[in-house]
Amino acid sequence: AEARRRLRHDVYGVLIRAGGELLETLDAFIAAGGTLESAARALFVHPNTVRYRLRRIAEVTGLSPLTARDAFALQVALAVGRLDPVVPAVPAQTLGPAAGKTSQTGDDHRRSL
């Protein structure tokens with residue numbers, strides 16, 4: 001459970017917060033079997049852009065997609081993160097007047113949405 005939490009928060013969550021292009025690049029790189037040029041073609045970007053993004057992934061996560069062991073950990077983090085996504089904390093006051101209220105029936109709940 002702890003390993004799953006760390007992969008979800010410390011790897012997947014960091015990639016989400018760093019920007020969608022890092023997550024998209026990592027996904028394309030893994031789908032391309034670790035072939036940089038194929039990932040670049042799939043993303044419609046220059047291979048140097050993929051190289052830069054892979055370096056950024058290594059900087060923000062501490063795991064390099066170019067190293068087999070780290071690439072596997074990143075791939076597992078993507079799977080765990082997608083199965084059990086990181087939910088950002090939302091303060092109760094931003095949820096609106098229905099936040100914190102409990103309803104007696106399902107109909108009441110549907111009406112409040």
# chains A, B, ... in the order shown; residues from 1 in each chain; ligands from 1
>>> residues_around(residues="Arg53 of chain A", least_positions_apart="2", cutoff="10 Å", atoms="only C-alpha atoms", output="list in words")
Glu21, Leu22, Leu23, Glu24, Thr25, Leu26, Pro47, Asn48, Thr49, Val50, Arg51, Arg55, Arg56, Ile57, Ala58 and Glu59 of chain A
>>> write_last_selection(atoms="N, CA and C atoms", output="PDB file, in the first residue's frame")
ATOM      1  N   GLU A  21       2.373  17.948 -20.744  1.00  0.00           N
ATOM      2  CA  GLU A  21       3.268  17.487 -21.801  1.00  0.00           C
ATOM      3  C   GLU A  21       4.265  16.455 -21.300  1.00  0.00           C
ATOM      4  N   LEU A  22       4.634  16.511 -20.029  1.00  0.00           N
ATOM      5  CA  LEU A  22       5.564  15.500 -19.499  1.00  0.00           C
ATOM      6  C   LEU A  22       4.887  14.139 -19.410  1.00  0.00           C
ATOM      7  N   LEU A  23       3.682  14.124 -18.931  1.00  0.00           N
ATOM      8  CA  LEU A  23       2.927  12.872 -18.834  1.00  0.00           C
ATOM      9  C   LEU A  23       2.655  12.308 -20.234  1.00  0.00           C
ATOM     10  N   GLU A  24       2.267  13.171 -21.147  1.00  0.00           N
ATOM     11  CA  GLU A  24       1.996  12.752 -22.524  1.00  0.00           C
ATOM     12  C   GLU A  24       3.263  12.211 -23.185  1.00  0.00           C
ATOM     13  N   THR A  25       4.391  12.865 -22.950  1.00  0.00           N
ATOM     14  CA  THR A  25       5.661  12.422 -23.532  1.00  0.00           C
ATOM     15  C   THR A  25       6.090  11.081 -22.957  1.00  0.00           C
ATOM     16  N   LEU A  26       5.969  10.933 -21.646  1.00  0.00           N
ATOM     17  CA  LEU A  26       6.325   9.661 -21.022  1.00  0.00           C
ATOM     18  C   LEU A  26       5.455   8.535 -21.559  1.00  0.00           C
ATOM     19  N   PRO A  47      12.634  15.382 -32.135  1.00  0.00           N
ATOM     20  CA  PRO A  47      13.243  14.478 -31.152  1.00  0.00           C
ATOM     21  C   PRO A  47      13.955  15.202 -30.005  1.00  0.00           C
ATOM     22  N   ASN A  48      14.515  16.382 -30.276  1.00  0.00           N
ATOM     23  CA  ASN A  48      15.153  17.140 -29.197  1.00  0.00           C
ATOM     24  C   ASN A  48      14.139  17.576 -28.138  1.00  0.00           C
ATOM     25  N   THR A  49      12.913  17.816 -28.551  1.00  0.00           N
ATOM     26  CA  THR A  49      11.854  18.169 -27.605  1.00  0.00           C
ATOM     27  C   THR A  49      11.579  16.987 -26.684  1.00  0.00           C
ATOM     28  N   VAL A  50      11.558  15.794 -27.253  1.00  0.00           N
ATOM     29  CA  VAL A  50      11.353  14.592 -26.442  1.00  0.00           C
ATOM     30  C   VAL A  50      12.531  14.409 -25.486  1.00  0.00           C
ATOM     31  N   ARG A  51      13.752  14.611 -25.974  1.00  0.00           N
ATOM     32  CA  ARG A  51      14.937  14.498 -25.111  1.00  0.00           C
ATOM     33  C   ARG A  51      14.836  15.464 -23.932  1.00  0.00           C
ATOM     34  N   ARG A  55      14.445  14.527 -19.909  1.00  0.00           N
ATOM     35  CA  ARG A  55      15.335  15.068 -18.870  1.00  0.00           C
ATOM     36  C   ARG A  55      14.522  15.737 -17.766  1.00  0.00           C
ATOM     37  N   ARG A  56      13.486  16.484 -18.145  1.00  0.00           N
ATOM     38  CA  ARG A  56      12.621  17.135 -17.158  1.00  0.00           C
ATOM     39  C   ARG A  56      11.907  16.096 -16.276  1.00  0.00           C
ATOM     40  N   ILE A  57      11.461  15.009 -16.903  1.00  0.00           N
ATOM     41  CA  ILE A  57      10.823  13.920 -16.141  1.00  0.00           C
ATOM     42  C   ILE A  57      11.796  13.392 -15.096  1.00  0.00           C
ATOM     43  N   ALA A  58      13.044  13.184 -15.496  1.00  0.00           N
ATOM     44  CA  ALA A  58      14.064  12.693 -14.563  1.00  0.00           C
ATOM     45  C   ALA A  58      14.308  13.705 -13.445  1.00  0.00           C
ATOM     46  N   GLU A  59      14.298  14.992 -13.773  1.00  0.00           N
ATOM     47  CA  GLU A  59      14.524  16.029 -12.763  1.00  0.00           C
ATOM     48  C   GLU A  59      13.397  16.086 -11.738  1.00  0.00           C
TER      49      GLU A  59
END
>>> atom_distance(atom1="atom CA of Leu74 of chain A", atom2="atom CA of Arg8 of chain A")
10.2 Å
>>> residues_around(residues="Gly81 of chain A", least_positions_apart="4", cutoff="9 Å", atoms="only C-alpha atoms", output="MDAnalysis selection string")
chainID A and resid 4 7:9 11:13 76:77 85:86
>>> atom_distance(atom1="atom CA of Leu66 of chain A", atom2="atom CA of His46 of chain A")
17.5 Å
>>> atom_distance(atom1="atom CA of Leu43 of chain A", atom2="atom CA of Arg69 of chain A")
24.1 Å
>>> residues_around(residues="Ile30 of chain A", least_positions_apart="2", cutoff="12 Å", atoms="only C-alpha atoms", output="list in words")
Leu23, Glu24, Thr25, Leu26, Asp27, Ala28, Ala32, Gly33, Gly34, Thr35, Leu36, Ser38, Ala39, Ala40, Ala42, Leu54, Pro65, Leu66, Thr67, Ala68, Asp70, Ala71, Phe72, Ala73, Leu74, Gln75, Val76, Leu78 and Ala79 of chain A
>>> closest_residue(among="A:Ile16, A:Ala3, A:Phe44, A:Ser64", to="Arg82 of chain A", atoms="only C-alpha atoms")
A:Ile16
>>> decode(residues="segment 72-84 of chain A", atoms="all heavy atoms", output="mmCIF file, in the first residue's frame")
data_model
loop_
_atom_site.group_PDB
_atom_site.id
_atom_site.type_symbol
_atom_site.label_atom_id
_atom_site.label_comp_id
_atom_site.auth_asym_id
_atom_site.auth_seq_id
_atom_site.Cartn_x
_atom_site.Cartn_y
_atom_site.Cartn_z
ATOM 1 N N PHE A 72 10.682 1.229 -15.821
ATOM 2 C CA PHE A 72 9.657 0.305 -15.327
ATOM 3 C C PHE A 72 8.885 0.942 -14.173
ATOM 4 O O PHE A 72 7.649 0.867 -14.118
ATOM 5 C CB PHE A 72 10.277 -1.023 -14.890
ATOM 6 C CG PHE A 72 9.271 -1.993 -14.346
ATOM 7 C CD1 PHE A 72 8.361 -2.615 -15.192
ATOM 8 C CD2 PHE A 72 9.207 -2.256 -12.994
ATOM 9 C CE1 PHE A 72 7.407 -3.501 -14.697
ATOM 10 C CE2 PHE A 72 8.265 -3.139 -12.482
ATOM 11 C CZ PHE A 72 7.363 -3.758 -13.332
ATOM 12 N N ALA A 73 9.583 1.583 -13.250
ATOM 13 C CA ALA A 73 8.928 2.255 -12.125
ATOM 14 C C ALA A 73 7.998 3.351 -12.628
ATOM 15 O O ALA A 73 6.882 3.519 -12.118
ATOM 16 C CB ALA A 73 9.964 2.824 -11.165
ATOM 17 N N LEU A 74 8.431 4.099 -13.636
ATOM 18 C CA LEU A 74 7.583 5.148 -14.211
ATOM 19 C C LEU A 74 6.348 4.552 -14.875
ATOM 20 O O LEU A 74 5.244 5.085 -14.753
ATOM 21 C CB LEU A 74 8.385 5.988 -15.218
ATOM 22 C CG LEU A 74 9.417 6.931 -14.604
ATOM 23 C CD1 LEU A 74 10.400 7.411 -15.658
ATOM 24 C CD2 LEU A 74 8.729 8.102 -13.918
ATOM 25 N N GLN A 75 6.528 3.433 -15.565
ATOM 26 C CA GLN A 75 5.399 2.777 -16.225
ATOM 27 C C GLN A 75 4.388 2.280 -15.186
ATOM 28 O O GLN A 75 3.176 2.441 -15.365
ATOM 29 C CB GLN A 75 5.897 1.620 -17.084
ATOM 30 C CG GLN A 75 4.828 0.988 -17.930
ATOM 31 C CD GLN A 75 5.400 -0.049 -18.895
ATOM 32 O OE1 GLN A 75 6.574 -0.375 -18.854
ATOM 33 N NE2 GLN A 75 4.554 -0.556 -19.757
ATOM 34 N N VAL A 76 4.868 1.716 -14.107
ATOM 35 C CA VAL A 76 3.977 1.257 -13.035
ATOM 36 C C VAL A 76 3.280 2.464 -12.397
ATOM 37 O O VAL A 76 2.081 2.421 -12.100
ATOM 38 C CB VAL A 76 4.747 0.426 -11.990
ATOM 39 C CG1 VAL A 76 3.879 0.113 -10.782
ATOM 40 C CG2 VAL A 76 5.254 -0.867 -12.611
ATOM 41 N N ALA A 77 4.011 3.567 -12.210
ATOM 42 C CA ALA A 77 3.416 4.777 -11.636
ATOM 43 C C ALA A 77 2.298 5.310 -12.521
ATOM 44 O O ALA A 77 1.263 5.756 -12.019
ATOM 45 C CB ALA A 77 4.484 5.845 -11.432
ATOM 46 N N LEU A 78 2.480 5.251 -13.842
ATOM 47 C CA LEU A 78 1.410 5.671 -14.757
ATOM 48 C C LEU A 78 0.184 4.790 -14.580
ATOM 49 O O LEU A 78 -0.946 5.287 -14.520
ATOM 50 C CB LEU A 78 1.878 5.605 -16.213
ATOM 51 C CG LEU A 78 2.815 6.684 -16.707
ATOM 52 C CD1 LEU A 78 3.174 6.434 -18.164
ATOM 53 C CD2 LEU A 78 2.218 8.057 -16.534
ATOM 54 N N ALA A 79 0.393 3.495 -14.501
ATOM 55 C CA ALA A 79 -0.734 2.574 -14.338
ATOM 56 C C ALA A 79 -1.442 2.804 -13.008
ATOM 57 O O ALA A 79 -2.671 2.904 -12.961
ATOM 58 C CB ALA A 79 -0.250 1.127 -14.442
ATOM 59 N N VAL A 80 -0.688 2.919 -11.936
ATOM 60 C CA VAL A 80 -1.275 3.140 -10.609
ATOM 61 C C VAL A 80 -1.993 4.485 -10.579
ATOM 62 O O VAL A 80 -3.114 4.594 -10.073
ATOM 63 C CB VAL A 80 -0.190 3.071 -9.515
ATOM 64 C CG1 VAL A 80 -0.699 3.596 -8.186
ATOM 65 C CG2 VAL A 80 0.312 1.648 -9.365
ATOM 66 N N GLY A 81 -1.367 5.501 -11.125
ATOM 67 C CA GLY A 81 -1.974 6.828 -11.128
ATOM 68 C C GLY A 81 -3.266 6.885 -11.907
ATOM 69 O O GLY A 81 -4.206 7.579 -11.521
ATOM 70 N N ARG A 82 -3.338 6.161 -12.988
ATOM 71 C CA ARG A 82 -4.563 6.156 -13.793
ATOM 72 C C ARG A 82 -5.657 5.302 -13.166
ATOM 73 O O ARG A 82 -6.841 5.600 -13.324
ATOM 74 C CB ARG A 82 -4.249 5.688 -15.201
ATOM 75 C CG ARG A 82 -3.471 6.759 -15.951
ATOM 76 C CD ARG A 82 -3.093 6.346 -17.316
ATOM 77 N NE ARG A 82 -2.445 7.460 -17.988
ATOM 78 C CZ ARG A 82 -1.540 7.321 -18.915
ATOM 79 N NH1 ARG A 82 -1.183 6.117 -19.329
ATOM 80 N NH2 ARG A 82 -1.001 8.388 -19.475
ATOM 81 N N LEU A 83 -5.264 4.261 -12.458
ATOM 82 C CA LEU A 83 -6.257 3.423 -11.785
ATOM 83 C C LEU A 83 -6.785 4.082 -10.519
ATOM 84 O O LEU A 83 -7.934 3.893 -10.141
ATOM 85 C CB LEU A 83 -5.654 2.063 -11.434
ATOM 86 C CG LEU A 83 -5.387 1.141 -12.613
ATOM 87 C CD1 LEU A 83 -4.605 -0.084 -12.145
ATOM 88 C CD2 LEU A 83 -6.683 0.735 -13.284
ATOM 89 N N ASP A 84 -5.931 4.840 -9.863
ATOM 90 C CA ASP A 84 -6.275 5.477 -8.595
ATOM 91 C C ASP A 84 -5.718 6.897 -8.624
ATOM 92 O O ASP A 84 -4.700 7.181 -8.022
ATOM 93 C CB ASP A 84 -5.656 4.672 -7.451
ATOM 94 C CG ASP A 84 -6.177 5.078 -6.096
ATOM 95 O OD1 ASP A 84 -7.197 5.782 -6.030
ATOM 96 O OD2 ASP A 84 -5.543 4.692 -5.094
#
